[in-house]
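Text of the file start_7.cif, holding mmCIF, C-alpha atoms and all ligand atoms:
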```cif
data_work
#
loop_
_atom_site.label_atom_id
_atom_site.label_comp_id
_atom_site.auth_asym_id
_atom_site.auth_seq_id
_atom_site.Cartn_x
_atom_site.Cartn_y
_atom_site.Cartn_z
CA MET A 1 96.06 48.40 -238.15
CA SER A 2 94.25 48.40 -234.79
CA GLU A 3 94.31 51.52 -232.63
CA ILE A 4 96.72 50.07 -230.08
CA ALA A 5 99.09 48.86 -232.79
CA GLU A 6 99.27 52.46 -234.07
CA LYS A 7 99.95 53.77 -230.57
CA VAL A 8 102.86 51.40 -229.87
CA LYS A 9 104.35 51.48 -233.36
CA GLY A 10 108.14 51.62 -233.26
CA LEU A 11 108.29 50.66 -229.56
CA ASN A 12 109.97 47.60 -228.13
CA ILE A 13 107.03 45.40 -227.18
CA PRO A 14 107.51 43.19 -224.10
CA LYS A 15 107.02 39.58 -225.09
CA HIS A 16 105.44 38.58 -221.77
CA VAL A 17 103.37 40.97 -219.65
CA ALA A 18 102.10 39.98 -216.20
CA VAL A 19 99.48 41.97 -214.29
CA ILE A 20 98.39 42.15 -210.67
CA MET A 21 94.84 43.36 -211.20
CA ASP A 22 94.38 45.18 -207.92
CA GLY A 23 91.98 47.84 -206.65
CA ASN A 24 88.60 46.37 -207.61
CA GLY A 25 87.22 46.58 -204.08
CA ARG A 26 88.33 50.15 -203.43
CA TRP A 27 87.08 51.24 -206.86
CA ALA A 28 83.61 49.94 -205.99
CA GLN A 29 83.60 51.33 -202.47
CA GLU A 30 84.53 54.79 -203.75
CA GLN A 31 81.23 54.69 -205.60
CA GLY A 32 79.27 53.46 -202.61
CA GLN A 33 78.99 49.98 -204.14
CA PRO A 34 79.82 46.59 -202.63
CA ARG A 35 83.34 45.24 -203.34
CA THR A 36 81.91 42.53 -205.57
CA TYR A 37 80.61 45.20 -207.96
CA GLY A 38 84.27 46.03 -208.57
CA HIS A 39 85.09 42.40 -209.36
CA ALA A 40 82.35 42.26 -212.00
CA ALA A 41 83.70 45.46 -213.57
CA GLY A 42 87.24 44.06 -213.36
CA ALA A 43 86.22 40.90 -215.21
CA GLU A 44 84.99 43.01 -218.13
CA VAL A 45 88.29 44.85 -218.27
CA VAL A 46 90.19 41.55 -218.54
CA GLU A 47 87.95 40.52 -221.39
CA ASN A 48 88.81 43.69 -223.33
CA MET A 49 92.47 43.59 -222.39
CA VAL A 50 93.03 40.15 -223.93
CA GLU A 51 92.25 41.56 -227.35
CA ILE A 52 94.21 44.76 -226.75
CA VAL A 53 97.42 43.03 -225.63
CA SER A 54 97.18 40.63 -228.51
CA ASP A 55 96.78 43.52 -231.01
CA ALA A 56 99.73 45.28 -229.39
CA GLY A 57 101.94 42.33 -230.30
CA ILE A 58 102.37 40.91 -226.79
CA GLU A 59 102.78 37.13 -226.99
CA PHE A 60 102.22 36.05 -223.38
CA PHE A 61 99.78 37.67 -220.95
CA THR A 62 99.47 36.50 -217.34
CA VAL A 63 96.93 37.93 -214.91
CA TYR A 64 96.54 37.42 -211.17
CA ALA A 65 92.87 36.76 -210.44
CA PHE A 66 92.88 34.99 -207.05
CA SER A 67 95.77 34.32 -204.71
CA THR A 68 96.20 31.45 -202.24
CA GLU A 69 95.85 34.19 -199.59
CA ASN A 70 92.56 35.53 -200.97
CA TRP A 71 90.67 32.67 -199.21
CA LYS A 72 90.96 34.89 -196.12
CA ARG A 73 88.21 37.13 -197.51
CA SER A 74 84.54 36.84 -196.57
CA GLU A 75 82.71 33.75 -197.76
CA GLU A 76 80.41 35.98 -199.77
CA GLU A 77 83.22 37.74 -201.64
CA VAL A 78 85.00 34.45 -202.39
CA SER A 79 81.80 32.90 -203.64
CA VAL A 80 81.01 35.85 -205.94
CA LEU A 81 84.55 35.73 -207.31
CA PHE A 82 84.29 32.03 -208.14
CA SER A 83 80.89 32.52 -209.78
CA LEU A 84 82.47 35.23 -211.92
CA PHE A 85 85.33 32.89 -212.86
CA ALA A 86 82.90 30.18 -213.97
CA VAL A 87 80.96 32.58 -216.20
CA TYR A 88 84.10 34.30 -217.48
CA LEU A 89 85.90 31.05 -218.38
CA GLN A 90 82.90 29.86 -220.40
CA LYS A 91 82.91 33.10 -222.36
CA LEU A 92 86.65 32.91 -222.75
CA MET A 93 86.38 29.45 -224.31
CA LYS A 94 84.32 30.83 -227.19
CA LYS A 95 86.35 34.03 -227.59
CA SER A 96 89.66 32.20 -227.53
CA MET A 97 88.59 29.91 -230.35
CA GLU A 98 87.59 32.96 -232.41
CA ASN A 99 90.82 34.82 -231.65
CA ASN A 100 93.34 31.94 -231.71
CA VAL A 101 94.22 32.36 -227.99
CA ARG A 102 95.79 29.53 -226.00
CA CYS A 103 94.66 29.53 -222.36
CA PHE A 104 96.14 28.15 -219.17
CA ILE A 105 94.89 28.43 -215.61
CA ILE A 106 97.93 28.52 -213.35
CA GLY A 107 97.87 27.82 -209.63
CA SER A 108 96.72 24.94 -207.49
CA ARG A 109 93.57 22.95 -208.28
CA GLU A 110 93.31 21.99 -204.61
CA GLY A 111 90.14 23.34 -203.03
CA LEU A 112 88.48 24.24 -206.34
CA ASP A 113 85.00 22.89 -207.16
CA LYS A 114 84.88 19.92 -209.49
CA GLU A 115 82.65 21.84 -211.93
CA LEU A 116 85.21 24.63 -212.17
CA ILE A 117 88.06 22.14 -212.66
CA ASP A 118 86.06 20.57 -215.50
CA VAL A 119 85.67 23.97 -217.18
CA ILE A 120 89.39 24.68 -216.71
CA ASN A 121 90.37 21.34 -218.23
CA GLU A 122 88.03 21.85 -221.16
CA LEU A 123 89.34 25.38 -221.77
CA GLU A 124 92.98 24.25 -221.73
CA GLU A 125 92.26 21.22 -223.90
CA LYS A 126 90.16 23.08 -226.47
CA THR A 127 92.62 25.93 -226.92
CA LYS A 128 95.85 23.93 -226.82
CA GLU A 129 96.47 24.04 -230.58
CA ASN A 130 95.87 27.80 -230.82
CA THR A 131 98.96 29.67 -231.98
CA GLY A 132 98.19 33.30 -231.09
CA LEU A 133 98.41 34.92 -227.67
CA THR A 134 99.15 32.68 -224.69
CA PHE A 135 96.86 33.79 -221.87
CA ASN A 136 97.48 32.61 -218.31
CA ILE A 137 95.00 33.27 -215.54
CA ALA A 138 96.31 32.73 -212.02
CA ILE A 139 93.51 31.30 -209.88
CA ASN A 140 94.30 29.91 -206.44
CA TYR A 141 97.85 30.82 -207.28
CA GLY A 142 100.65 31.50 -204.80
CA GLY A 143 104.26 31.76 -205.84
CA ARG A 144 105.57 29.94 -202.81
CA ASP A 145 102.95 27.24 -203.24
CA GLU A 146 104.06 26.89 -206.87
CA ILE A 147 107.67 26.41 -205.78
CA VAL A 148 106.57 23.78 -203.21
CA ARG A 149 104.64 21.93 -205.93
CA ALA A 150 107.65 22.13 -208.27
CA VAL A 151 109.98 20.75 -205.59
CA LYS A 152 107.57 17.87 -204.93
CA LYS A 153 107.50 16.94 -208.63
CA ILE A 154 111.30 17.00 -208.76
CA ALA A 155 111.50 14.90 -205.58
CA VAL A 156 109.27 12.25 -207.14
CA ASP A 157 111.58 12.08 -210.17
CA LEU A 158 114.62 11.91 -207.91
CA ILE A 159 113.24 9.06 -205.80
CA ALA A 160 112.18 7.19 -208.93
CA GLY A 161 115.79 7.44 -210.08
CA ASN A 162 114.90 9.42 -213.22
CA ILE A 163 117.25 12.23 -212.19
CA THR A 164 120.22 12.73 -209.87
CA PRO A 165 120.81 15.76 -207.59
CA GLU A 166 123.27 17.07 -210.21
CA ASP A 167 120.42 17.32 -212.70
CA ILE A 168 118.67 19.93 -210.54
CA SER A 169 119.23 23.22 -212.32
CA GLU A 170 117.44 26.56 -212.75
CA ASN A 171 116.10 25.18 -215.99
CA LEU A 172 114.72 22.06 -214.36
CA ILE A 173 113.00 24.13 -211.69
CA SER A 174 111.49 26.44 -214.34
CA GLU A 175 110.27 23.39 -216.23
CA ASN A 176 108.39 22.25 -213.14
CA THR A 177 106.65 25.57 -212.49
CA ASP A 178 103.19 26.43 -213.80
CA THR A 179 104.72 28.53 -216.60
CA ALA A 180 106.91 25.72 -217.94
CA GLY A 181 108.01 26.38 -221.51
CA MET A 182 107.13 30.07 -221.37
CA PRO A 183 109.56 32.99 -221.20
CA ASP A 184 109.70 34.92 -217.92
CA PRO A 185 107.70 38.17 -217.86
CA ASP A 186 109.50 41.22 -219.25
CA LEU A 187 107.06 43.64 -217.66
CA MET A 188 104.95 43.31 -214.52
CA ILE A 189 102.19 45.87 -214.02
CA ARG A 190 100.41 46.32 -210.69
CA THR A 191 97.34 48.55 -210.58
CA GLY A 192 95.66 49.88 -207.44
CA GLY A 193 98.58 51.76 -205.90
CA GLU A 194 100.30 49.06 -203.82
CA GLU A 195 103.95 48.39 -204.56
CA ARG A 196 104.49 44.75 -203.66
CA ILE A 197 104.25 41.42 -205.46
CA SER A 198 101.84 39.68 -203.04
CA ASN A 199 103.19 36.19 -203.84
CA PHE A 200 102.85 36.61 -207.62
CA LEU A 201 105.44 34.75 -209.73
CA PRO A 202 108.42 35.21 -207.37
CA TRP A 203 110.57 32.74 -209.34
CA GLN A 204 109.70 34.16 -212.77
CA LEU A 205 110.00 37.88 -211.86
CA ALA A 206 113.70 37.70 -210.96
CA TYR A 207 114.70 40.14 -213.76
CA THR A 208 111.33 41.60 -214.72
CA GLU A 209 110.75 45.36 -215.00
CA PHE A 210 108.05 46.58 -212.58
CA TYR A 211 105.45 49.24 -213.33
CA PHE A 212 103.17 50.45 -210.55
CA THR A 213 100.17 52.68 -211.15
CA ASP A 214 97.54 54.21 -208.85
CA VAL A 215 94.85 53.49 -211.44
CA ASN A 216 92.46 50.84 -210.11
CA TRP A 217 91.99 47.77 -212.29
CA PRO A 218 88.41 48.60 -213.40
CA ASP A 219 89.76 51.90 -214.82
CA PHE A 220 92.72 50.31 -216.60
CA ASP A 221 92.47 50.65 -220.37
CA GLU A 222 94.37 50.73 -223.64
CA ASP A 223 95.97 54.12 -222.89
CA GLU A 224 97.16 52.93 -219.49
CA LEU A 225 98.77 49.92 -221.17
CA VAL A 226 100.47 52.22 -223.68
CA LYS A 227 101.86 54.29 -220.77
CA ALA A 228 103.30 51.12 -219.19
CA ILE A 229 104.88 50.01 -222.48
CA LYS A 230 106.41 53.46 -222.98
CA LYS A 231 107.84 53.39 -219.47
CA PHE A 232 109.23 49.91 -220.17
CA ASN A 233 110.95 51.34 -223.25
CA GLY A 234 112.82 53.82 -221.10
CA ARG A 235 114.29 51.10 -218.89
CA GLU A 236 117.79 49.77 -219.38
CA ARG A 237 117.79 46.03 -218.75
CA ARG A 238 121.27 44.95 -217.72
CA PHE A 239 120.65 41.46 -216.30
CA GLY A 240 123.64 41.96 -214.05
CA GLY A 241 125.96 42.95 -216.87
CA VAL A 242 127.31 46.31 -218.01
CA ILE A 243 126.03 48.32 -220.96
CA LYS A 244 128.91 49.22 -223.26
C1 LIG B 301 91.91 42.67 -206.81
O1 LIG B 301 91.17 43.67 -206.21
C2 LIG B 301 91.08 41.43 -207.10
C3 LIG B 301 91.34 40.31 -206.19
C4 LIG B 301 92.27 40.26 -205.29
C5 LIG B 301 90.47 39.17 -206.31
P1 LIG B 301 90.93 43.71 -204.65
O2 LIG B 301 89.70 42.93 -204.33
O3 LIG B 301 92.14 43.31 -203.92
O4 LIG B 301 90.65 45.25 -204.44
P2 LIG B 301 91.21 46.17 -203.29
O5 LIG B 301 92.69 46.05 -203.33
O6 LIG B 301 90.62 45.65 -202.01
O7 LIG B 301 90.72 47.51 -203.65
C1 LIG B 302 96.89 40.47 -205.03
O1 LIG B 302 96.04 41.46 -204.53
C2 LIG B 302 96.07 39.33 -205.56
C3 LIG B 302 95.29 39.59 -206.76
C4 LIG B 302 95.25 40.71 -207.44
C5 LIG B 302 94.55 38.47 -207.24
P1 LIG B 302 95.66 41.52 -202.99
O2 LIG B 302 94.73 42.66 -202.85
O3 LIG B 302 95.20 40.20 -202.53
O4 LIG B 302 97.08 41.82 -202.33
P2 LIG B 302 97.44 42.46 -200.93
O5 LIG B 302 96.58 41.79 -199.90
O6 LIG B 302 97.13 43.93 -201.02
O7 LIG B 302 98.90 42.22 -200.76
MG MG B 303 93.78 44.31 -203.25
#
```
Step by step, read the file and then write its structure as structure tokens.
Ligand code: IPE
Ligand code: IPE
Ligand code: MG
Amino acid sequence: MSEIAEKVKGLNIPKHVAVIMDGNGRWAQEQGQPRTYGHAAGAEVVENMVEIVSDAGIEFFTVYAFSTENWKRSEEEVSVLFSLFAVYLQKLMKKSMENNVRCFIIGSREGLDKELIDVINELEEKTKENTGLTFNIAINYGGRDEIVRAVKKIAVDLIAGNITPEDISENLISENTDTAGMPDPDLMIRTGGEERISNFLPWQLAYTEFYFTDVNWPDFDEDELVKAIKKFNGRERRFGGVIK
């Protein structure tokens, strides 16, 4: 049994964990380094975390890597981030085939370089038959943008006469989001001390348990994940009902 599996033995493991990986910039600056140094360190943590969450028995893992609002940052920071994505996704392709991980990049493709889109398509295509962990990386993702894109898809179907207004249901909307076919997150972790969702999965997080930690993403590790899972185990999920 892996170390993490030992540590979470007997606990209720959330099926889907989503993470806002925040605090890279501050982590670097605290050490007198440029913000981008923190992003490189953060990318390594994601790489390790994929294996850890999978060993813990988590089935879906969704991480927020770049929001639709992050384009507001300096050209230099954005360009370093996208270079890191290109390198990371190539590595992920190989690792996912070794570890049976199915990958999706969620978010809008608009504004992404063609080369990156090619890598994304290849990654999704290559890993689509994998049956282990489902790993979603949110790049150029915004929750409101996702809802706009979902509404547009539904409108196209409506105008084509494939559906009527009565067919529009919560299910249909979910099926037109970027996480179609996946369960909603059970646990959402945000590192870096801020307590907000910053446009991350607003539709899907309706009944998710939130866990906020001051630990910056580059310092997040197996033991921090165990703490979050333990906290999750102490929560009473009522979904609007009453516990008898
Ligand atoms: C999260 O860390 C990574 C991205 C948003 C790309 P930040 O870069 O937001 O780090 P802080 O919050 O400024 O410390
Ligand atoms: C959220 O972090 C986005 C990612 C982690 C990718 P931000 O650092 O962009 O969020 P705000 O600006 O503090 O809300
Ligand atoms: Mg931040």
> Given a cut-off of 8 Å, what residues near ligand LIG 302 (chain B) show up using only C-alpha atoms and all ligand atoms, put as a ChimeraX atom specification?
Replying inline: /A:20-23,64-67,69-70,138-139,194,196-200
> Of the candidates A:Gly234, A:Gly240, A:Pro218, A:Gly111, which shows the shortest atom-to-atom distance to A:Ala43, using all atoms listed in the file?
Replying inline: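 Ranked by minimum distance to A:Ala43, first place goes to A:Pro218.
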>> Can you measure atom CA of A:Met182 to atom CA of A:Phe60 for me? One decimal in Å is fine.
In response: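 Atom CA of A:Phe60 lies at a distance of 8.0 Å from atom CA of A:Met182.
Rounded to one decimal, atom CA of A:Glu51 and atom CA of A:Arg26 lie 25.7 Å from each other.
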>> When you look at stretch 88-95 of chain A with a cut-off of 10 Å (counting only C-alpha atoms), what residues show up, excluding the ones that are within fewer than 5 positions of it in the same chain? I need them as JSON, numbers by chain.
In response: {"A": [40, 43, 44, 46, 47, 50, 51, 82, 83, 100, 101, 102, 103, 105, 116, 119, 120, 122, 123, 124, 126, 127, 137]}
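In this comparison, which uses all atoms listed in the file, the residue of A:Ser174, A:Asn12, A:Asn233, A:Asn216 approaching ligand MG 303 (chain B) most closely is A:Asn216.
Between atom CA of A:Val87 and atom CA of A:Phe61 the interatomic distance comes to 20.1 Å.
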>> Given the point (98.7, 37.3, -227.6) in the file's coordinates, find the residues that have an atom at most 6 Å from it, counting only C-alpha atoms, and give them as a PyMOL selection string.
In response: chain A and resi 54+58-60+132-134
With C-alpha atoms retained, could you export that selection as an mmCIF file, in the coordinates of the input?
```cif
data_model
loop_
_atom_site.group_PDB
_atom_site.id
_atom_site.type_symbol
_atom_site.label_atom_id
_atom_site.label_comp_id
_atom_site.auth_asym_id
_atom_site.auth_seq_id
_atom_site.Cartn_x
_atom_site.Cartn_y
_atom_site.Cartn_z
ATOM 1 C CA SER A 54 97.180 40.630 -228.510
ATOM 2 C CA ILE A 58 102.370 40.910 -226.790
ATOM 3 C CA GLU A 59 102.780 37.130 -226.990
ATOM 4 C CA PHE A 60 102.220 36.050 -223.380
ATOM 5 C CA GLY A 132 98.190 33.300 -231.090
ATOM 6 C CA LEU A 133 98.410 34.920 -227.670
ATOM 7 C CA THR A 134 99.150 32.680 -224.690
#
```
>> Show me, as a PyMOL selection string, the residues that have an atom within 8 Å of A:Arg35 when counting only C-alpha atoms, minus same-chain residues fewer than 5 positions from it.
In response: chain A and resi 24-29+77
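Remark: for ligand MG 303 (chain B), the closest of the candidate residues A:Phe85, A:Phe212, A:Tyr141, A:Trp217 is A:Trp217 (distances computed over only C-alpha atoms and all ligand atoms).
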> Residues at most 10 Å from A:Ser2, counting all atoms listed in the file, excluding those fewer than 3 positions away in the same chain, as an MDAnalysis selection string?
Replying inline: chainID A and resid 5:7 52 55:56
Report the centre and edge lengths, in Å to one decimal, of an axis-aligned box enclosing every atom of ligand LIG 301 (chain B) listed in the file, padded by 6 Å on each side, as lines of an AutoDock Vina configuration file.
```
center_x = 91.2
center_y = 43.3
center_z = -204.6
size_x = 15.0
size_y = 20.3
size_z = 17.1
```
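Take the candidates A:Ile189, A:Val148, A:Ala160, A:Leu81 and check each one against A:Asp214 using only C-alpha atoms; the shortest distance goes to A:Ile189.
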>> From the options A:Glu110, A:His39, A:Asp167, A:Phe239, which residue's atoms come nearest to ligand MG 303 (chain B), counting all atoms listed in the file?
In response: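 Nearest to ligand MG 303 (chain B): A:His39.
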